[in-house]
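**Student:** So I've got this file, structure.txt, and it contains compact mmCIF, C-alpha atoms:
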```txt
# COMPACT_ATOMS: atom_id res chain seq x y z
CA MET Y 1 114.04 3.47 8.13
CA ARG Y 2 111.74 5.00 5.52
CA ASP Y 3 113.05 6.98 2.57
CA GLY Y 4 110.68 9.80 1.72
CA GLN Y 5 112.21 10.50 -1.68
CA THR Y 6 111.64 6.92 -2.83
CA LEU Y 7 108.07 6.87 -1.52
CA ARG Y 8 107.36 10.14 -3.34
CA PHE Y 9 108.70 8.73 -6.61
CA TYR Y 10 106.32 5.79 -6.43
CA ALA Y 11 103.42 7.99 -5.38
CA ASP Y 12 104.02 10.33 -8.32
CA ASN Y 13 104.62 7.56 -10.87
CA ALA Y 14 102.25 4.78 -9.77
CA ALA Y 15 100.07 4.84 -12.89
CA ALA Y 16 103.03 4.83 -15.32
CA TYR Y 17 104.77 2.12 -13.34
CA ALA Y 18 101.58 0.04 -13.27
CA ARG Y 19 101.39 0.20 -17.07
CA HIS Y 20 105.06 -0.81 -17.29
CA ARG Y 21 104.60 -4.09 -15.40
CA THR Y 22 102.14 -6.28 -17.29
CA ARG Y 23 103.14 -9.85 -16.35
CA PRO Y 24 103.67 -11.72 -13.07
CA CYS Y 25 107.25 -12.19 -11.92
CA GLY Y 26 107.85 -15.51 -13.71
CA ASP Y 27 109.96 -18.54 -12.83
CA GLN Y 28 110.87 -17.33 -9.33
CA LEU Y 29 107.22 -16.77 -8.44
CA ASP Y 30 106.23 -20.17 -9.82
CA ALA Y 31 108.99 -21.88 -7.81
CA PHE Y 32 107.88 -20.04 -4.66
CA LEU Y 33 104.27 -21.15 -5.12
CA ALA Y 34 105.32 -24.73 -5.84
CA ALA Y 35 107.11 -24.84 -2.47
CA LEU Y 36 103.90 -23.97 -0.57
CA PRO Y 37 100.92 -26.10 0.40
CA LYS Y 38 97.71 -25.69 -1.56
CA GLY Y 39 95.72 -22.66 -0.41
CA ALA Y 40 98.63 -21.33 1.66
CA ARG Y 41 98.40 -17.91 3.32
CA ILE Y 42 100.90 -15.54 1.63
CA LEU Y 43 102.08 -12.08 2.63
CA GLU Y 44 103.24 -9.97 -0.28
CA LEU Y 45 105.52 -7.11 0.75
CA GLY Y 46 105.55 -4.33 -1.84
CA CYS Y 47 102.74 -5.58 -4.07
CA GLY Y 48 103.08 -2.69 -6.52
CA ASN Y 49 100.33 -2.86 -9.13
CA GLY Y 50 99.02 -6.19 -7.81
CA MET Y 51 100.15 -8.30 -10.76
CA ASP Y 52 101.81 -11.00 -8.65
CA ALA Y 53 99.03 -10.97 -6.05
CA ALA Y 54 96.42 -11.46 -8.76
CA HIS Y 55 98.38 -14.40 -10.20
CA MET Y 56 98.73 -16.01 -6.77
CA ARG Y 57 95.01 -15.64 -6.12
CA THR Y 58 94.11 -17.30 -9.43
CA GLN Y 59 96.26 -20.25 -8.30
CA GLY Y 60 94.11 -20.64 -5.19
CA PHE Y 61 96.34 -18.95 -2.61
CA ASP Y 62 95.14 -16.68 0.20
CA VAL Y 63 97.10 -13.47 -0.41
CA ASP Y 64 97.59 -10.51 1.91
CA ALA Y 65 98.89 -7.91 -0.56
CA THR Y 66 100.57 -4.88 1.04
CA ASP Y 67 102.44 -1.80 -0.11
CA GLY Y 68 103.77 1.33 1.55
CA THR Y 69 102.48 3.78 -1.06
CA PRO Y 70 98.75 4.66 -1.11
CA ALA Y 71 98.79 5.18 -4.89
CA TRP Y 72 100.23 1.68 -5.37
CA VAL Y 73 97.61 0.17 -3.07
CA ALA Y 74 94.92 1.83 -5.20
CA GLU Y 75 96.47 0.34 -8.37
CA ALA Y 76 96.71 -3.11 -6.78
CA GLN Y 77 93.11 -2.98 -5.58
CA LYS Y 78 91.99 -2.69 -9.20
CA ARG Y 79 93.55 -6.10 -9.91
CA VAL Y 80 92.69 -7.92 -6.72
CA GLY Y 81 89.16 -6.73 -6.08
CA GLY Y 82 90.06 -4.33 -3.30
CA ALA Y 83 92.13 -6.93 -1.43
CA ALA Y 84 95.29 -4.85 -0.94
CA ARG Y 85 96.24 -2.75 2.07
CA LEU Y 86 98.65 -0.03 3.10
CA MET Y 87 101.58 -1.21 5.25
CA LEU Y 88 105.19 -0.09 5.48
CA PHE Y 89 107.81 -2.78 6.08
CA ASP Y 90 108.53 -1.62 9.63
CA GLU Y 91 104.83 -1.93 10.48
CA LEU Y 92 104.90 -5.71 10.06
CA GLU Y 93 103.97 -7.13 13.47
CA ALA Y 94 102.48 -10.54 12.57
CA GLU Y 95 103.60 -13.66 14.38
CA ALA Y 96 103.33 -17.07 12.69
CA GLY Y 97 100.58 -15.73 10.44
CA TYR Y 98 101.80 -16.80 7.01
CA ASP Y 99 103.00 -19.88 5.13
CA GLY Y 100 104.95 -17.75 2.68
CA VAL Y 101 106.27 -14.22 2.20
CA TRP Y 102 106.91 -12.84 -1.29
CA ALA Y 103 108.99 -9.65 -1.68
CA CYS Y 104 109.87 -9.15 -5.35
CA ALA Y 105 111.93 -5.97 -5.89
CA SER Y 106 110.68 -4.30 -2.73
CA LEU Y 107 113.05 -4.88 0.20
CA LEU Y 108 115.83 -3.45 -1.96
CA HIS Y 109 114.51 -0.05 -0.82
CA VAL Y 110 115.01 -0.80 2.90
CA VAL Y 111 117.78 1.35 4.37
CA ALA Y 112 120.76 -1.02 4.68
CA ALA Y 113 121.18 -0.59 8.43
CA SER Y 114 117.50 -1.48 8.95
CA LEU Y 115 117.47 -4.58 6.73
CA PRO Y 116 118.23 -7.11 9.52
CA ASP Y 117 115.27 -5.73 11.53
CA ILE Y 118 112.89 -6.13 8.59
CA LEU Y 119 114.21 -9.63 7.82
CA SER Y 120 113.67 -10.52 11.49
CA ARG Y 121 110.09 -9.26 11.30
CA VAL Y 122 109.50 -11.44 8.25
CA ARG Y 123 110.95 -14.46 10.08
CA ARG Y 124 108.54 -13.89 12.99
CA ALA Y 125 105.61 -13.54 10.59
CA LEU Y 126 106.22 -16.99 9.07
CA ARG Y 127 104.86 -20.26 10.37
CA PRO Y 128 107.25 -23.21 10.90
CA ASP Y 129 108.57 -24.43 7.50
CA GLY Y 130 107.39 -21.19 5.91
CA VAL Y 131 109.10 -19.94 2.74
CA PHE Y 132 110.37 -16.40 2.12
CA VAL Y 133 111.58 -15.16 -1.26
CA ALA Y 134 113.04 -11.69 -1.86
CA SER Y 135 114.99 -10.05 -4.68
CA PHE Y 136 117.59 -7.29 -4.56
CA LYS Y 137 119.58 -5.29 -7.10
CA ALA Y 138 123.19 -6.31 -6.56
CA GLY Y 139 125.90 -3.79 -5.83
CA THR Y 140 128.60 -2.77 -3.41
CA GLY Y 141 126.56 -0.66 -1.02
CA GLU Y 142 123.69 1.77 -0.73
CA GLY Y 143 123.00 4.57 -3.18
CA ARG Y 144 120.42 6.16 -5.48
CA ASP Y 145 119.44 5.45 -9.05
CA PRO Y 146 118.97 8.14 -11.75
CA TYR Y 147 115.35 8.62 -10.56
CA GLY Y 148 116.53 9.41 -7.04
CA ARG Y 149 115.22 6.16 -5.57
CA TYR Y 150 117.17 4.74 -2.65
CA TYR Y 151 118.56 1.19 -3.00
CA ASN Y 152 120.53 -0.85 -0.50
CA TYR Y 153 122.48 -2.40 -3.45
CA PRO Y 154 123.92 -5.30 -1.38
CA SER Y 155 126.63 -7.73 -2.37
CA ALA Y 156 126.01 -11.43 -1.82
CA LYS Y 157 128.25 -11.24 1.26
CA GLN Y 158 126.30 -8.30 2.71
CA LEU Y 159 123.00 -10.09 2.15
CA ASP Y 160 124.36 -13.22 3.82
CA GLY Y 161 125.33 -11.15 6.84
CA ALA Y 162 121.96 -9.38 7.03
CA TYR Y 163 120.01 -12.64 6.89
CA ARG Y 164 122.20 -14.29 9.53
CA ALA Y 165 121.93 -11.23 11.79
CA ALA Y 166 118.13 -11.59 11.53
CA GLY Y 167 118.22 -15.21 12.67
CA TRP Y 168 117.98 -16.98 9.32
CA SER Y 169 120.20 -20.01 8.77
CA ASP Y 170 118.43 -21.98 6.01
CA PHE Y 171 118.65 -19.84 2.87
CA THR Y 172 120.10 -19.90 -0.63
CA LEU Y 173 121.11 -17.08 -2.94
CA GLU Y 174 120.93 -17.10 -6.74
CA THR Y 175 122.03 -14.49 -9.24
CA ASN Y 176 120.47 -13.71 -12.61
CA MET Y 177 120.51 -10.94 -15.17
CA GLY Y 178 117.46 -8.85 -15.81
CA SER Y 179 116.28 -5.27 -15.93
CA GLY Y 180 113.77 -2.92 -14.34
CA PHE Y 181 111.80 0.26 -14.91
CA ASP Y 182 114.98 1.99 -16.08
CA ALA Y 183 115.51 -0.70 -18.79
CA LEU Y 184 119.19 -1.01 -17.78
CA PRO Y 185 120.96 -4.39 -17.46
CA THR Y 186 120.71 -5.40 -13.82
CA VAL Y 187 122.24 -8.15 -11.72
CA TRP Y 188 119.49 -9.49 -9.44
CA LEU Y 189 120.12 -11.41 -6.23
CA TRP Y 190 117.29 -13.78 -5.27
CA VAL Y 191 117.20 -15.17 -1.73
CA THR Y 192 115.01 -18.12 -0.80
CA ALA Y 193 114.80 -18.74 2.94
CA ARG Y 194 112.99 -21.30 5.08
CA ARG Y 195 111.76 -20.73 8.63
```
Can you present the structure in this file as structure tokens?

**Tutor:**
Amino acid sequence: MRDGQTLRFYADNAAAYARHRTRPCGDQLDAFLAALPKGARILELGCGNGMDAAHMRTQGFDVDATDGTPAWVAEAQKRVGGAARLMLFDELEAEAGYDGVWACASLLHVVAASLPDILSRVRRALRPDGVFVASFKAGTGEGRDPYGRYYNYPSAKQLDGAYRAAGWSDFTLETNMGSGFDALPTVWLWVTARR
């Protein structure tokens, strides 16, 4: 369920990666926040350098920022006043604890066979009417990038199947072009789901 090579990459490159990302996620994050009640409790999965968590906090939200790499948690804590904690995706055990879950460019590292389990854990963690947004690099199946990082690289059809297998029925999928740390053109799949 956990890919050691990917975790090592982020541990070794946390500072450089933190300098690379200097703005919150953008339109998708703003749309996510607009769908939540004022002061909502949000779980961020894969908070990275804490940029999105810091933005959410300035908007008045109660953010539980988590990441699976200790070096990333340390970077995030610099931005959110120590309010970030270490947690791997498969350690999520909360039940009805959050109004929203934000997972920007993080669940794309979940081993494909384990994705339905993680999506099910997220569903359990949400309160009724909770909102869950996640982004994935599109593809035709799992593989590694030039840095050796594991990606599940799902197609829209594969994502649809994974969400349905996890018990989700109310979700939409959007595609847009973007990039990432590697600066290569990337097709991103954004899924917005409601509990």

**Student:** Extending 8 Å beyond the listed atoms of stretch 162-171 of chain Y on each side, what axis-aligned box results? I want centre and edge lengths in Å to one decimal, as AutoDock Vina command-line options.

**Tutor:**
```
--center_x 120.1 --center_y -15.7 --center_z 7.8 --size_x 20.2 --size_y 28.6 --size_z 25.8
```

**Student:** Of the residues Y:Pro185, Y:Gly68, Y:Gly100, Y:Gly82, which is the one nearest to Y:Val131, using only C-alpha atoms?

**Tutor:**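 Going through Y:Pro185, Y:Gly68, Y:Gly100, Y:Gly82 one by one, the smallest distance to Y:Val131 is for Y:Gly100.
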
**Student:** Find the residue from Y:Ala103, Y:Ala125, Y:Val111, Y:Ala165 that sits nearest to Y:Arg144; use all atoms listed in the file when measuring.

**Tutor:** Y:Val111

**Student:** Counting all atoms listed in the file, which residue out of Y:Ala71, Y:Thr172, Y:Tyr150, Y:Asn49 sits closest to Y:Gln5?

**Tutor:**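 Among the listed residues, the smallest separation from Y:Gln5 belongs to Y:Tyr150.
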
**Student:** Hey, which of Y:Glu142, Y:Glu93, Y:Asp52, Y:Asp129 ends up closest to Y:His109? Count only C-alpha atoms.

**Tutor:** Y:Glu142

**Student:** Can you tell me, as a list in words, what residues are no more than 12 Å from Y:Gly139 when counting all atoms listed in the file, ignoring any on the same chain fewer than 5 positions away?

**Tutor:**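 The neighbour list is Leu108, Arg144, Asp145, Tyr151, Asn152, Tyr153, Pro154, Ser155, Ala156, Lys157, Gln158, Leu159, Thr175, Thr186, Val187, Trp188 and Leu189 of chain Y.
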
**Student:** Which is closest to Y:Gly46 among Y:Arg123, Y:Arg8, Y:Arg79, Y:Arg85, if we use all atoms listed in the file?

**Tutor:**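 With all atoms listed in the file as the atom set, the closest residue is Y:Arg85.
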
**Student:** Which protein, DNA or RNA residues have an atom at most 8 Å from (104.6, -9.1, 9.0), counting all atoms listed in the file? List them as number ranges by chain.

**Tutor:** Y: 43, 89, 91-95, 97, 121-122, 124-125

**Student:** What separation in Å, quoted to one decimal, exists between atom CA of Y:Ile42 and atom CA of Y:Val63?

**Tutor:** 4.8 Å
